[in-house]
Amino acid sequence: MVLKTKWNSLKEDFLYIFIGIFLAFAFDKVLGIILGSEMPLVAVASGSMIHDDSIYPNHYLWLKEHFNYSHDYINSWPVKRGFGIGDILLIKAEKNYSVGDVVVFDASPCEKASIVHRIIAINPNGTYQTKGDHNFYQIPPENLINDPGFCYNERHIEKNKIYGRVIFIIPKLGYIKILVTKLLGGGM
């Protein structure tokens with residue numbers, strides 16, 4: 001009798017887990033349709049958009065030196081305060097993106113995970129230049145262009161590689177996804 005009760009309880013637990021996973025996938029698909037993005041939710045796994053004590057030289061001064069952007073112009077951009085590891089980003093696909101938008105783009109085959117950086121310029125050919133606010137250079141830096149570890153170039157991101165722009169941030173909820181992904185040995 002006790003064994004049968006434990007077995008029924010275990011079956012019920014598995015059923016709830018299965019239903020939870022199914023609902024999470026269904027929610028992701030429906031959200032993707034609504035927002036027009038293949039990747040409507042992203043868990044942040046790197047610190048490239050953190051705004052800490054290094055934000056002034058890595059972000060404001062770098063943009064002033066390379067693009068002559070003023071502090072006020074940079075502060076007019078969306079996602080002013082950046083975000084950190086473990087945050088969940090809500091992503092919406094757009095027909096066009098603007099300087100200042102924080103976007104998620106595909107950097108395969110270089111990276112398993114998508115990259116979340118800010119558009120800092122639009123090239124004459126319509127490609128985008130991006131940079132992580134916390135990073136002190138664009139990838140690849142000038143002195144590492146021939147390094148085989150850098151096989152994507154932030155100075156020429158094609159529109160078809162962009163999943164969408166960040167429209168909302170949910171703090172720290174992404175740690176669950178990061179943990180599960182690491183346990184399963186996958187990329188973000």
# chains A, B, ... in the order shown; residues from 1 in each chain; ligands from 1
call {"tool": "select_by_dssp", "arguments": {"residues": "segment 46-186 of chain A", "states": "helix (DSSP H, G or I)", "output": "MDAnalysis selection string"}}
result
chainID A and resid 55:67 71:75 142:144 159:161 175:184
call {"tool": "residues_around", "arguments": {"residues": "segment 76-78 of chain A", "least_positions_apart": "5", "cutoff": "8 Å", "atoms": "only C-alpha atoms", "output": "JSON, numbers by chain"}}
result
{"A": [99, 100, 101, 102]}
call {"tool": "residues_around", "arguments": {"residues": "Ile178 of chain A", "least_positions_apart": "4", "cutoff": "9 Å", "atoms": "only C-alpha atoms", "output": "PyMOL selection string"}}
result
chain A and resi 43-45+86+174+182-183+188
call {"tool": "residues_around", "arguments": {"residues": "Gly164 of chain A", "least_positions_apart": "3", "cutoff": "12 Å", "atoms": "only C-alpha atoms", "output": "VMD selection string"}}
result
chain A and resid 32 35 to 42 89 to 98 101 to 106 114 to 119 159 to 161 167 to 168
call {"tool": "write_last_selection", "arguments": {"atoms": "C-alpha atoms", "output": "short mmCIF file (atom, residue, chain, number, x, y, z; two decimals), in the first residue's frame"}}
result
data_model
loop_
_atom_site.label_atom_id
_atom_site.label_comp_id
_atom_site.auth_asym_id
_atom_site.auth_seq_id
_atom_site.Cartn_x
_atom_site.Cartn_y
_atom_site.Cartn_z
CA GLY A 32 7.68 34.69 -30.01
CA LEU A 35 6.87 39.81 -30.56
CA GLY A 36 7.92 38.50 -33.98
CA SER A 37 11.14 37.05 -32.59
CA GLU A 38 12.56 33.53 -32.73
CA MET A 39 14.10 34.32 -29.36
CA PRO A 40 11.62 36.36 -27.29
CA LEU A 41 13.26 35.67 -23.92
CA VAL A 42 16.99 35.70 -23.25
CA LEU A 89 15.45 40.17 -21.45
CA LEU A 90 12.23 40.46 -23.42
CA ILE A 91 13.11 40.77 -27.13
CA LYS A 92 11.00 42.26 -29.93
CA ALA A 93 11.90 41.98 -33.61
CA GLU A 94 11.76 45.26 -35.54
CA LYS A 95 11.86 46.19 -39.22
CA ASN A 96 14.70 48.62 -38.47
CA TYR A 97 16.99 49.25 -35.55
CA SER A 98 18.45 52.52 -34.31
CA ASP A 101 19.12 49.99 -29.28
CA VAL A 102 20.31 46.98 -27.31
CA VAL A 103 19.94 43.95 -29.58
CA VAL A 104 20.39 40.21 -29.43
CA PHE A 105 22.20 38.74 -32.41
CA ASP A 106 23.48 35.41 -33.65
CA SER A 114 23.71 34.76 -28.77
CA ILE A 115 25.33 38.13 -28.09
CA VAL A 116 23.54 41.03 -26.36
CA HIS A 117 25.19 44.36 -27.26
CA ARG A 118 24.22 47.90 -28.13
CA ILE A 119 24.07 49.27 -31.68
CA LYS A 159 20.15 42.65 -39.98
CA ASN A 160 19.18 39.02 -40.63
CA LYS A 161 21.45 38.00 -37.71
CA ILE A 167 12.12 46.05 -24.64
CA PHE A 168 11.92 44.91 -21.01
#
